[in-house]
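Participant: My structure file input_29.cif, mmCIF, C-alpha atoms, is below:
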```cif
data_upload
loop_
_atom_site.label_atom_id
_atom_site.label_comp_id
_atom_site.auth_asym_id
_atom_site.auth_seq_id
_atom_site.Cartn_x
_atom_site.Cartn_y
_atom_site.Cartn_z
CA MET A 1 53.79 -3.56 -46.58
CA THR A 2 57.44 -2.69 -46.10
CA THR A 3 59.64 -3.28 -49.13
CA PHE A 4 62.79 -5.14 -48.17
CA GLN A 5 65.98 -4.68 -50.14
CA PRO A 6 68.23 -7.71 -49.65
CA ALA A 7 71.83 -6.80 -49.41
CA ALA A 8 73.47 -10.17 -49.21
CA VAL A 9 77.26 -10.31 -48.63
CA PRO A 10 79.05 -13.33 -50.07
CA GLY A 11 80.18 -15.71 -47.33
CA GLN A 12 77.87 -14.12 -44.70
CA ALA A 13 74.26 -14.81 -43.55
CA PRO A 14 71.73 -12.54 -45.30
CA PRO A 15 70.19 -9.66 -43.24
CA PRO A 16 67.01 -10.81 -41.39
CA ASP A 17 64.84 -8.26 -43.15
CA SER A 18 65.79 -9.79 -46.49
CA VAL A 19 64.65 -13.32 -45.52
CA HIS A 20 61.03 -14.25 -46.18
CA PRO A 21 59.51 -16.23 -43.29
CA ARG A 22 58.93 -19.28 -45.54
CA ASP A 23 62.64 -19.23 -46.47
CA SER A 24 63.93 -18.77 -42.93
CA ARG A 25 66.25 -21.33 -41.30
CA SER A 26 68.48 -21.38 -38.30
CA GLU A 27 71.41 -19.99 -40.30
CA ALA A 28 69.24 -17.29 -41.94
CA PRO A 29 66.35 -16.25 -39.61
CA THR A 30 63.79 -13.62 -40.58
CA SER A 31 63.15 -10.46 -38.54
CA VAL A 32 60.14 -9.82 -36.28
CA SER A 33 59.16 -6.89 -38.45
CA ARG A 34 59.30 -9.03 -41.64
CA LEU A 35 57.27 -11.76 -39.87
CA ASN A 36 54.58 -9.30 -38.70
CA ASP A 37 54.35 -7.67 -42.10
CA THR A 38 54.00 -11.10 -43.71
CA ILE A 39 51.23 -12.06 -41.26
CA LYS A 40 49.43 -8.74 -41.86
CA GLY A 41 49.60 -9.19 -45.61
CA PHE A 42 48.23 -12.71 -45.34
CA ILE A 43 45.36 -11.66 -43.04
CA GLU A 44 44.36 -8.69 -45.18
CA ARG A 45 43.60 -11.09 -48.02
CA TRP A 46 40.76 -12.64 -45.95
CA GLY A 47 38.47 -9.65 -46.37
CA SER A 48 35.25 -9.33 -44.34
CA VAL A 49 33.78 -12.36 -42.56
CA TRP A 50 30.30 -12.88 -41.05
CA VAL A 51 30.54 -14.65 -37.69
CA GLU A 52 27.92 -15.77 -35.16
CA GLY A 53 28.44 -15.91 -31.41
CA GLU A 54 27.60 -14.54 -27.96
CA VAL A 55 28.91 -11.21 -26.67
CA THR A 56 30.86 -11.91 -23.46
CA SER A 57 32.54 -8.53 -23.01
CA TRP A 58 31.41 -5.01 -23.98
CA ASN A 59 33.59 -2.19 -22.70
CA VAL A 60 33.20 1.39 -23.89
CA ARG A 61 36.35 3.51 -23.82
CA GLY A 62 36.67 6.87 -25.51
CA GLY A 63 33.51 6.32 -27.54
CA ASN A 64 34.84 3.02 -28.94
CA VAL A 65 33.84 -0.49 -27.85
CA PHE A 66 36.34 -3.22 -27.03
CA GLY A 67 34.84 -6.64 -26.45
CA ARG A 68 34.96 -10.35 -26.97
CA MET A 69 32.68 -12.83 -28.73
CA LYS A 70 32.30 -16.46 -27.68
CA ASP A 71 31.43 -19.50 -29.78
CA LEU A 72 27.92 -20.83 -29.05
CA ALA A 73 29.06 -24.44 -28.63
CA THR A 74 32.66 -24.24 -27.36
CA ASP A 75 34.81 -21.95 -25.25
CA SER A 76 36.57 -20.38 -28.25
CA THR A 77 36.58 -16.58 -28.21
CA VAL A 78 37.81 -13.73 -30.39
CA ALA A 79 38.46 -10.08 -29.61
CA PHE A 80 36.71 -7.34 -31.51
CA ARG A 81 36.50 -3.57 -31.52
CA VAL A 82 33.82 -1.19 -32.73
CA TRP A 83 34.90 2.30 -33.69
CA SER A 84 32.64 5.16 -32.57
CA SER A 85 31.62 5.93 -36.17
CA THR A 86 30.40 2.33 -36.59
CA LEU A 87 28.81 2.19 -33.14
CA GLN A 88 26.33 4.90 -34.12
CA ARG A 89 24.90 2.62 -36.82
CA LEU A 90 24.48 -0.42 -34.55
CA PRO A 91 21.40 -1.25 -32.37
CA ARG A 92 21.59 0.66 -29.12
CA ASP A 93 20.53 -2.31 -26.97
CA LEU A 94 23.57 -4.49 -27.68
CA LYS A 95 25.02 -5.83 -24.44
CA VAL A 96 26.80 -8.72 -22.78
CA GLY A 97 24.94 -12.00 -23.29
CA ASP A 98 23.40 -11.06 -26.63
CA HIS A 99 23.35 -13.65 -29.40
CA VAL A 100 24.60 -11.74 -32.46
CA ILE A 101 25.86 -11.97 -36.03
CA ALA A 102 28.69 -9.58 -36.83
CA CYS A 103 30.54 -8.59 -40.01
CA VAL A 104 34.22 -8.44 -39.00
CA LYS A 105 37.50 -7.84 -40.74
CA ALA A 106 40.74 -9.19 -39.31
CA ASP A 107 43.25 -6.58 -38.23
CA TYR A 108 46.84 -7.26 -37.17
CA PHE A 109 48.97 -4.60 -35.52
CA VAL A 110 52.52 -5.08 -36.75
CA ARG A 111 54.01 -2.94 -34.01
CA THR A 112 52.61 -4.96 -31.10
CA GLY A 113 51.68 -8.22 -32.78
CA ASP A 114 48.09 -7.96 -31.48
CA PHE A 115 45.32 -9.60 -33.45
CA THR A 116 41.70 -8.41 -33.36
CA PHE A 117 38.66 -7.96 -35.55
CA ALA A 118 37.11 -4.65 -36.56
CA VAL A 119 33.30 -4.76 -36.59
CA SER A 120 31.48 -3.04 -39.44
CA ALA A 121 27.98 -4.43 -38.73
CA MET A 122 26.31 -6.32 -35.88
CA ARG A 123 22.73 -7.37 -35.19
CA HIS A 124 20.74 -9.68 -32.92
CA VAL A 125 20.09 -13.23 -34.07
CA GLY A 126 16.75 -14.97 -33.80
CA LEU A 127 15.15 -12.24 -31.70
CA GLY A 128 13.70 -9.96 -34.34
CA ASP A 129 10.36 -11.75 -34.69
CA GLN A 130 10.41 -12.83 -31.07
CA LEU A 131 10.92 -9.28 -29.83
CA GLU A 132 8.04 -8.12 -32.00
CA LYS A 133 5.78 -10.82 -30.51
CA LEU A 134 6.84 -9.85 -27.00
CA GLU A 135 6.05 -6.22 -27.71
CA ARG A 136 2.58 -7.12 -28.97
CA LEU A 137 2.02 -9.24 -25.85
CA ARG A 138 3.26 -6.39 -23.68
CA GLN A 139 0.72 -4.01 -25.23
CA LYS A 140 -2.07 -6.58 -24.85
CA LEU A 141 -1.37 -7.22 -21.16
CA ARG A 142 -0.99 -3.51 -20.45
CA ALA A 143 -4.39 -2.85 -22.04
CA GLU A 144 -5.91 -5.56 -19.80
CA GLY A 145 -4.50 -3.82 -16.72
CA LEU A 146 -2.04 -6.57 -15.69
CA PHE A 147 0.72 -3.96 -15.32
CA ASP A 148 -1.41 -1.60 -13.20
CA PRO A 149 0.22 -0.69 -9.86
CA SER A 150 -3.24 -0.68 -8.26
CA ARG A 151 -3.61 -4.46 -8.66
CA LYS A 152 -0.20 -5.31 -7.24
CA LYS A 153 -0.09 -6.72 -3.72
CA GLY A 154 2.23 -5.39 -1.05
CA LEU A 155 4.91 -7.51 0.61
CA PRO A 156 4.49 -8.56 4.24
CA PHE A 157 6.87 -6.91 6.69
CA LEU A 158 8.23 -10.24 7.98
CA PRO A 159 6.98 -13.32 6.10
CA ARG A 160 6.56 -16.55 8.06
CA THR A 161 7.67 -18.70 5.11
CA ILE A 162 9.18 -17.62 1.77
CA GLY A 163 8.35 -19.68 -1.30
CA LEU A 164 11.25 -19.93 -3.77
CA ILE A 165 10.98 -21.13 -7.37
CA THR A 166 14.38 -21.64 -9.01
CA GLY A 167 16.65 -24.16 -10.69
CA GLU A 168 18.01 -26.99 -8.59
CA ARG A 169 21.49 -26.29 -7.14
CA SER A 170 21.52 -22.93 -8.95
CA ASP A 171 23.56 -19.88 -8.00
CA ALA A 172 20.30 -17.92 -7.74
CA GLU A 173 19.09 -20.23 -4.96
CA LYS A 174 22.36 -19.79 -3.07
CA ASP A 175 22.25 -16.01 -3.46
CA VAL A 176 18.69 -15.75 -2.16
CA HIS A 177 19.33 -18.06 0.81
CA ARG A 178 22.64 -16.45 1.75
CA ASN A 179 21.47 -12.84 1.60
CA ALA A 180 18.11 -13.50 3.27
CA GLU A 181 19.74 -15.42 6.15
CA LEU A 182 22.34 -12.69 6.61
CA ARG A 183 19.53 -10.16 7.05
CA TRP A 184 17.20 -12.34 9.13
CA PRO A 185 18.78 -15.60 10.41
CA GLN A 186 15.42 -17.19 11.37
CA VAL A 187 14.00 -16.93 7.85
CA VAL A 188 12.24 -20.09 6.57
CA PHE A 189 12.22 -21.16 2.91
CA ARG A 190 9.99 -23.56 1.03
CA THR A 191 11.71 -24.23 -2.30
CA ALA A 192 10.09 -25.68 -5.42
CA TYR A 193 12.57 -26.57 -8.17
CA ALA A 194 11.73 -25.99 -11.83
CA ALA A 195 13.56 -25.77 -15.13
CA VAL A 196 14.55 -22.16 -15.75
CA GLN A 197 14.96 -22.45 -19.52
CA GLY A 198 13.83 -24.64 -22.37
CA ASP A 199 10.48 -26.29 -23.04
CA ARG A 200 9.99 -27.45 -19.43
CA CYS A 201 10.46 -23.99 -17.99
CA VAL A 202 6.90 -22.66 -18.30
CA PRO A 203 4.86 -25.74 -17.19
CA GLU A 204 7.18 -26.56 -14.28
CA THR A 205 7.26 -22.95 -13.08
CA ILE A 206 3.46 -22.70 -13.26
CA GLY A 207 3.10 -25.96 -11.32
CA ALA A 208 5.51 -24.78 -8.63
CA LEU A 209 3.72 -21.43 -8.42
CA LYS A 210 0.31 -23.03 -7.93
CA ALA A 211 1.64 -25.39 -5.26
CA LEU A 212 3.25 -22.59 -3.24
CA ASP A 213 0.26 -20.29 -3.74
CA ALA A 214 -2.03 -22.95 -2.27
CA ASP A 215 0.18 -23.34 0.82
CA PRO A 216 -1.35 -21.19 3.62
CA GLU A 217 2.00 -20.82 5.38
CA VAL A 218 3.74 -19.20 2.38
CA ASP A 219 3.46 -15.39 2.60
CA VAL A 220 5.52 -14.42 -0.45
CA ILE A 221 6.89 -16.21 -3.53
CA ILE A 222 10.20 -15.44 -5.29
CA ILE A 223 10.83 -16.61 -8.87
CA ALA A 224 14.61 -16.43 -9.30
CA ARG A 225 17.06 -17.19 -12.08
CA GLY A 226 20.58 -16.11 -12.91
CA GLY A 227 21.53 -14.08 -15.96
CA GLY A 228 21.47 -15.31 -19.52
CA ASP A 229 20.93 -14.25 -23.10
CA PRO A 230 17.42 -13.16 -24.12
CA GLN A 231 16.72 -16.52 -25.76
CA THR A 232 17.12 -18.42 -22.50
CA LEU A 233 14.87 -15.93 -20.66
CA LEU A 234 11.95 -16.21 -23.09
CA GLY A 235 10.11 -18.62 -20.80
CA PHE A 236 9.61 -15.79 -18.28
CA SER A 237 7.76 -13.77 -20.92
CA ASP A 238 5.33 -16.60 -21.74
CA GLU A 239 1.67 -15.54 -21.56
CA ARG A 240 0.62 -18.65 -19.64
CA LEU A 241 3.11 -17.97 -16.86
CA LEU A 242 2.26 -14.25 -16.77
CA ARG A 243 -1.45 -14.92 -16.31
CA ALA A 244 -0.76 -17.50 -13.60
CA VAL A 245 1.32 -14.93 -11.72
CA ALA A 246 -1.42 -12.31 -12.13
CA GLU A 247 -4.02 -14.72 -10.68
CA ALA A 248 -1.88 -15.75 -7.69
CA LYS A 249 -3.24 -14.67 -4.29
CA THR A 250 0.24 -14.62 -2.74
CA PRO A 251 2.56 -11.67 -3.57
CA VAL A 252 5.09 -12.67 -6.26
CA VAL A 253 8.61 -11.22 -6.62
CA SER A 254 10.36 -11.47 -10.00
CA ALA A 255 14.14 -11.86 -9.73
CA ILE A 256 15.20 -12.89 -13.23
CA GLY A 257 18.73 -12.32 -14.53
CA HIS A 258 20.73 -9.16 -14.00
CA GLU A 259 19.83 -5.49 -13.83
CA ASN A 260 19.63 -5.14 -17.62
CA ASP A 261 17.43 -8.21 -18.13
CA HIS A 262 13.75 -7.32 -18.36
CA PRO A 263 11.32 -10.17 -19.13
CA LEU A 264 7.58 -9.45 -19.05
CA LEU A 265 7.37 -11.25 -15.70
CA ASP A 266 8.96 -8.13 -14.16
CA ASP A 267 5.94 -6.07 -15.22
CA VAL A 268 3.26 -8.52 -14.07
CA ALA A 269 4.82 -9.54 -10.75
CA ASP A 270 3.91 -7.58 -7.64
CA VAL A 271 7.56 -6.59 -7.08
CA ARG A 272 10.47 -6.54 -9.54
CA ALA A 273 13.93 -7.24 -8.13
CA SER A 274 16.97 -6.49 -10.27
CA THR A 275 18.79 -9.66 -9.13
CA PRO A 276 18.16 -12.64 -6.84
CA THR A 277 20.28 -10.87 -4.22
CA ASP A 278 18.06 -7.81 -4.50
CA ALA A 279 14.97 -10.03 -4.07
CA ALA A 280 16.30 -11.37 -0.76
CA LYS A 281 16.89 -7.83 0.47
CA ARG A 282 13.39 -6.72 -0.51
CA VAL A 283 11.54 -9.68 1.02
CA VAL A 284 13.04 -9.76 4.53
CA PRO A 285 14.07 -6.81 6.70
CA ASP A 286 17.59 -6.41 8.06
CA VAL A 287 17.56 -7.50 11.71
CA ALA A 288 20.40 -5.10 12.52
CA GLU A 289 18.50 -2.19 10.97
CA GLN A 290 15.32 -3.14 12.79
CA ARG A 291 17.14 -3.36 16.11
CA ALA A 292 18.72 0.03 15.48
CA LEU A 293 15.30 1.43 14.56
CA ILE A 294 13.75 -0.01 17.71
CA GLY A 295 16.58 1.52 19.75
CA GLN A 296 15.97 4.91 18.14
CA LEU A 297 12.24 4.67 18.76
CA ARG A 298 12.79 3.69 22.38
CA SER A 299 15.18 6.60 22.84
CA ARG A 300 12.69 9.01 21.27
CA LEU A 301 9.86 7.61 23.39
CA THR A 302 11.91 7.94 26.58
CA SER A 303 12.84 11.50 25.67
CA ARG A 304 9.24 12.45 24.88
CA LEU A 305 7.89 10.87 28.07
CA THR A 306 10.59 12.53 30.16
CA GLN A 307 9.80 15.91 28.62
CA ARG A 308 6.07 15.43 29.12
CA VAL A 309 6.40 14.35 32.75
CA SER A 310 8.81 17.22 33.49
CA HIS A 311 6.45 19.70 31.84
CA ASP A 312 3.45 18.37 33.80
CA ILE A 313 5.39 18.47 37.07
CA ALA A 314 6.37 22.10 36.41
CA GLN A 315 2.74 23.00 35.64
CA LEU A 316 1.58 21.23 38.81
CA GLU A 317 4.13 23.15 40.88
CA GLN A 318 2.91 26.42 39.35
CA LEU A 319 -0.69 25.55 40.25
CA ARG A 320 0.24 24.53 43.77
CA SER A 321 2.08 27.81 44.29
CA ARG A 322 -1.02 29.92 43.60
CA PRO A 323 -2.73 31.53 46.67
CA VAL A 324 -6.06 29.88 45.97
CA LEU A 325 -4.50 26.42 46.29
CA ARG A 326 -2.42 27.32 49.37
CA ALA A 327 -5.72 27.84 51.31
CA PRO A 328 -8.37 25.93 49.32
CA GLU A 329 -10.87 26.06 52.26
CA GLN A 330 -11.48 29.72 51.49
CA ILE A 331 -13.21 28.70 48.30
CA VAL A 332 -15.50 26.36 50.27
CA ASP A 333 -16.24 29.01 52.92
CA THR A 334 -17.11 31.62 50.31
CA ARG A 335 -19.33 29.24 48.44
CA THR A 336 -20.99 28.12 51.71
CA GLN A 337 -22.02 31.71 52.54
CA GLN A 338 -23.34 32.19 49.01
CA VAL A 339 -25.32 28.98 49.22
CA TRP A 340 -26.82 30.00 52.62
CA LEU A 341 -27.87 33.40 51.28
CA ALA A 342 -29.37 31.88 48.17
CA THR A 343 -31.24 29.31 50.30
CA ALA A 344 -32.62 32.02 52.60
CA ARG A 345 -33.76 34.13 49.65
CA GLY A 346 -35.38 31.09 48.07
CA ARG A 347 -37.15 30.15 51.31
CA ASP A 348 -38.47 33.72 51.73
CA VAL A 349 -39.73 33.84 48.16
CA VAL A 350 -41.47 30.50 48.55
CA ASP A 351 -43.08 31.52 51.85
CA ARG A 352 -44.45 34.75 50.36
CA ALA A 353 -45.78 32.86 47.36
CA VAL A 354 -47.46 30.27 49.64
CA HIS A 355 -49.11 32.99 51.83
CA ALA A 356 -50.35 34.84 48.78
CA ALA A 357 -51.78 31.62 47.37
CA GLU A 358 -53.49 30.86 50.70
CA ARG A 359 -55.14 34.29 50.74
CA THR A 360 -56.29 33.88 47.16
CA THR A 361 -57.66 30.43 47.95
CA SER A 362 -59.59 31.77 50.98
CA GLU A 363 -61.11 34.53 48.91
CA LEU A 364 -62.09 32.13 46.17
CA ARG A 365 -63.54 29.71 48.71
CA ALA A 366 -65.69 32.49 50.22
CA SER A 367 -66.91 33.62 46.80
CA LEU A 368 -67.65 30.02 45.87
CA ARG A 369 -69.60 29.47 49.01
CA ALA A 370 -71.60 32.66 48.48
CA LEU A 371 -72.51 31.66 44.97
CA SER A 372 -72.94 27.95 45.66
CA PRO A 373 -76.50 26.44 45.42
CA ALA A 374 -75.68 24.62 48.64
CA SER A 375 -75.59 27.95 50.48
CA THR A 376 -79.01 28.84 49.06
CA LEU A 377 -80.41 25.50 50.18
CA ALA A 378 -78.89 26.05 53.62
CA ARG A 379 -80.98 29.20 53.96
CA GLY A 380 -84.19 27.10 53.54
CA TYR A 381 -84.71 27.19 49.88
CA ALA A 382 -85.43 24.11 47.76
CA ILE A 383 -85.01 23.15 44.10
CA ALA A 384 -87.95 21.50 42.34
CA GLN A 385 -87.22 19.36 39.30
CA GLY A 386 -89.51 17.47 36.99
CA GLU A 387 -89.13 13.85 36.09
CA ASP A 388 -87.00 14.84 33.13
CA GLY A 389 -84.61 16.70 35.41
CA HIS A 390 -85.53 20.21 34.30
CA VAL A 391 -85.77 22.78 37.12
CA VAL A 392 -89.33 24.04 37.63
CA ARG A 393 -89.25 27.84 37.47
CA ASP A 394 -92.95 28.43 36.69
CA ALA A 395 -95.87 26.98 38.70
CA GLY A 396 -97.74 26.52 35.49
CA ALA A 397 -95.09 24.05 34.39
CA ALA A 398 -96.17 21.66 37.18
CA PRO A 399 -99.92 21.01 36.84
CA ALA A 400 -101.72 18.79 39.27
CA GLY A 401 -100.42 15.25 39.33
CA THR A 402 -96.95 16.14 38.10
CA LYS A 403 -94.22 14.15 39.88
CA LEU A 404 -91.53 16.36 41.31
CA VAL A 405 -88.12 15.89 42.89
CA ILE A 406 -87.41 18.51 45.54
CA THR A 407 -83.82 19.00 46.64
CA VAL A 408 -83.26 20.54 50.10
CA GLU A 409 -80.09 21.15 52.11
CA ARG A 410 -80.03 17.62 53.37
CA GLY A 411 -81.45 15.13 50.93
CA VAL A 412 -84.02 14.83 48.16
CA ILE A 413 -87.84 14.61 48.51
CA ALA A 414 -90.21 12.95 46.06
CA ALA A 415 -93.52 14.89 45.71
CA ARG A 416 -96.55 15.27 43.51
CA SER A 417 -97.98 18.66 42.43
CA GLU A 418 -101.55 19.61 43.36
CA GLY A 419 -101.61 22.45 40.91
CA ILE A 420 -101.39 26.21 41.42
CA SER A 421 -101.95 27.29 45.07
CA ASP A 422 -102.87 30.65 46.62
CA VAL A 423 -101.05 29.81 49.89
CA THR A 424 -99.11 32.78 51.21
CA VAL A 425 -95.39 31.95 51.72
CA ALA A 426 -92.93 34.08 53.68
CA GLY A 427 -95.50 36.77 54.55
CA GLY A 428 -97.21 37.26 51.17
CA PRO A 429 -99.23 35.65 48.37
CA ALA A 430 -97.42 33.72 45.73
CA ARG A 431 -96.45 35.89 42.79
CA GLY A 432 -97.95 34.40 39.66
CA GLY A 433 -99.39 31.54 41.63
CA ARG A 434 -97.60 28.72 43.39
CA ALA A 435 -97.86 25.04 42.90
CA GLY A 436 -98.86 22.99 45.86
CA ALA A 437 -97.10 19.71 46.37
CA GLU A 438 -98.01 16.55 48.17
CA LEU A 439 -95.18 14.62 49.61
CA GLU A 440 -95.04 11.00 48.74
#
```
Go through the file and emit its structure as structure tokens.
Facilitator:
Amino acid sequence: MTTFQPAAVPGQAPPPDSVHPRDSRSEAPTSVSRLNDTIKGFIERWGSVWVEGEVTSWNVRGGNVFGRMKDLATDSTVAFRVWSSTLQRLPRDLKVGDHVIACVKADYFVRTGDFTFAVSAMRHVGLGDQLEKLERLRQKLRAEGLFDPSRKKGLPFLPRTIGLITGERSDAEKDVHRNAELRWPQVVFRTAYAAVQGDRCVPETIGALKALDADPEVDVIIIARGGGDPQTLLGFSDERLLRAVAEAKTPVVSAIGHENDHPLLDDVADVRASTPTDAAKRVVPDVAEQRALIGQLRSRLTSRLTQRVSHDIAQLEQLRSRPVLRAPEQIVDTRTQQVWLATARGRDVVDRAVHAAERTTSELRASLRALSPASTLARGYAIAQGEDGHVVRDAGAAPAGTKLVITVERGVIAARSEGISDVTVAGGPARGGRAGAELE
């Protein structure tokens, strides 16, 4: 602290630097420098203080952090700074919204009169055990496959009705409605209100989820909440809610907090949106983009069809210009002559084959007739058969009294043998004897 040397002059007001602030009066004011030095000396006697609050500002500049901390119950705030050397020793996940305890030391800049606190230590409050429990739950659910991308359901291109679970009259509800309606004005919402923090959060959210999931008109469900400190978001990491979301048949979109917030619901839900606004953009398409896309597709289709038709017309013209298509009857005439020649050759071949077959048939008929027993019978011969049907070739095989069947050219004669006969037949005696027969 600056040492002041009073140099009072009798009959005159003392110099301002020589007047202590507690001794100042209108006739003898103190100086700004003496006042600031006095304040700094007073503050330095406080030493380090442990303070609890919520981080409301966290700005990094030149490796140092400049921020503000808010009281948990009132709107009172204090400014703090964290030098880069201290920042390296602090948890790396400190951010806006964190509930923290910090060791601070008051610092007063005499040149500018600014008052702030230098942080020497800072840590989360009340989340150490809770974060450990959440990590164990995360590992458990991951092992069960609840985080697997393969089990997540895809979002419909254009849902008929969007189910929304959020706090009543919340900013999240307004953000989702506003952004979804800007993208697709005809969008329809079915909203189920639930507490988004506290003891009622989990049961009310599960009840709303089951009601919307049972509604056949709801094609997708958004669970939305604005930002907050990790303590207020714990309900969206509750195992009961996570399992209810995993069992839902309707696709579920998690839109909890801001980009940096990451409850376990984000991992179990079918789609994770960084904010409620992002959820609205993911669930419904942009009508302007879709119209532009349809216009592009129509243009491409028209271009392709035009090219194809033009190409086919050009090919058709090339075909029509060929000599064979200028006089197509020549093809018919040529083929007609070929067909006539082929027919004539076929007819000639068939005729020759028929004549040859007729000659062969005549020859076979003549041979058959010459060898046929009928021809022999026609020349006057007869066939004698016994009662058993055997042909009699030896007269001794037909003794007297044997019944015979004699076949002649025209008919059959029944006869009886009279035994061997010496009757001369055809100019000579019977060779070996002949059997005489009596006709019956």
Participant: Within 12 Å of (-81.1, 16.1, 49.8), only C-alpha atoms: residues as a count of residues only?
Facilitator: 17
Participant: Which residue gives the smallest distance to Leu134 (chain A) among A:Glu204, A:Asp37, A:Glu168, A:Asp238, with only C-alpha atoms counted?
Facilitator: A:Asp238
Participant: Would you kindly translate the PyMOL selection byres ((chain A and resi 398) around 10) into the concrete residues it picks from this file, as a ChimeraX atom specification?
Facilitator: /A:384-386,392-397,399-404,416-420,434-437
Participant: Please measure the separation of CA of Ala342 (chain A) and CA of Ala356 (chain A), giving the value in Å to one decimal.
Facilitator: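 Atom-to-atom, CA of Ala342 (chain A) and CA of Ala356 (chain A) are spaced 21.2 Å apart.
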Participant: Given the file shown, determine the residues that the PyMOL selection byres ((chain A and resi 237) around 6) selects; report them as JSON, numbers by chain.
Facilitator: {"A": [234, 235, 236, 238, 263, 264, 265]}
Participant: Which residue out of A:Glu329, A:Asp114, A:Asp213, A:Glu173 has the minimum interatomic distance to Ile256 (chain A) when only C-alpha atoms are used?
Facilitator: A:Glu173
Participant: What do you get, as a compact mmCIF listing (two decimals) with C-alpha atoms, keeping the file's coordinate frame, if you spell out every residue that the PyMOL selection byres ((chain A and resi 36) around 10) selects here?
Facilitator:
```
# COMPACT_ATOMS: atom_id res chain seq x y z
CA MET A 1 53.79 -3.56 -46.58
CA PRO A 21 59.51 -16.23 -43.29
CA SER A 31 63.15 -10.46 -38.54
CA VAL A 32 60.14 -9.82 -36.28
CA SER A 33 59.16 -6.89 -38.45
CA ARG A 34 59.30 -9.03 -41.64
CA LEU A 35 57.27 -11.76 -39.87
CA ASP A 37 54.35 -7.67 -42.10
CA THR A 38 54.00 -11.10 -43.71
CA ILE A 39 51.23 -12.06 -41.26
CA LYS A 40 49.43 -8.74 -41.86
CA GLY A 41 49.60 -9.19 -45.61
CA PHE A 42 48.23 -12.71 -45.34
CA TYR A 108 46.84 -7.26 -37.17
CA PHE A 109 48.97 -4.60 -35.52
CA VAL A 110 52.52 -5.08 -36.75
CA ARG A 111 54.01 -2.94 -34.01
CA THR A 112 52.61 -4.96 -31.10
CA GLY A 113 51.68 -8.22 -32.78
CA ASP A 114 48.09 -7.96 -31.48
```
Participant: Have a look at CA of Ala344 (chain A) and CA of Ala357 (chain A) and let me know their distance in Å, one decimal.
Facilitator: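 Answer for the CA of Ala344 (chain A) to CA of Ala357 (chain A) separation: 19.9 Å.
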Participant: Mind giving me the straight-line distance from CA of Asp261 (chain A) to CA of Trp83 (chain A) in Å, one decimal?
Facilitator: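 For CA of Asp261 (chain A) relative to CA of Trp83 (chain A), the distance reads 25.6 Å.
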Participant: Can you pull out the residues contacting Ala244 (chain A)? Cut-off 9 Å, using all atoms listed in the file, and skip same-chain residues under 6 positions away; I want them as a PyMOL selection string.
Facilitator: chain A and resi 206+209-210
Participant: So which one's closest to Phe157 (chain A), A:Thr302, A:Ser26, A:Thr376, A:Gln290? Using only C-alpha atoms, please.
Facilitator: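 Ranking A:Thr302, A:Ser26, A:Thr376, A:Gln290 by distance to Phe157 (chain A), first place goes to A:Gln290.
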Participant: Starting from the incomplete input, reconstruct N, CA and C atoms of region 278-288 of chain A and write that as a tab-separated table (two decimals), keeping the file's coordinate frame.
Facilitator:
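The file below, rebuild-v3.tsv, is the result:
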```
chain	number	residue	atom	x	y	z
A	278	ASP	N	18.97	-8.91	-4.78
A	278	ASP	CA	18.06	-7.81	-4.50
A	278	ASP	C	16.71	-8.32	-4.00
A	279	ALA	N	16.25	-9.45	-4.53
A	279	ALA	CA	14.97	-10.03	-4.07
A	279	ALA	C	15.04	-10.39	-2.59
A	280	ALA	N	16.15	-11.02	-2.17
A	280	ALA	CA	16.30	-11.37	-0.76
A	280	ALA	C	16.26	-10.14	0.13
A	281	LYS	N	16.88	-9.05	-0.33
A	281	LYS	CA	16.89	-7.83	0.47
A	281	LYS	C	15.52	-7.17	0.54
A	282	ARG	N	14.71	-7.33	-0.51
A	282	ARG	CA	13.39	-6.72	-0.51
A	282	ARG	C	12.38	-7.51	0.33
A	283	VAL	N	12.55	-8.84	0.40
A	283	VAL	CA	11.54	-9.68	1.02
A	283	VAL	C	11.66	-9.70	2.54
A	284	VAL	N	12.87	-9.71	3.07
A	284	VAL	CA	13.04	-9.76	4.53
A	284	VAL	C	13.76	-8.51	5.00
A	285	PRO	N	13.38	-7.99	6.17
A	285	PRO	CA	14.07	-6.81	6.70
A	285	PRO	C	15.42	-7.20	7.29
A	286	ASP	N	16.27	-6.20	7.45
A	286	ASP	CA	17.59	-6.41	8.06
A	286	ASP	C	17.43	-6.34	9.57
A	287	VAL	N	17.75	-7.45	10.26
A	287	VAL	CA	17.56	-7.50	11.71
A	287	VAL	C	18.39	-6.43	12.41
A	288	ALA	N	19.58	-6.14	11.90
A	288	ALA	CA	20.40	-5.10	12.52
A	288	ALA	C	19.74	-3.73	12.37
```
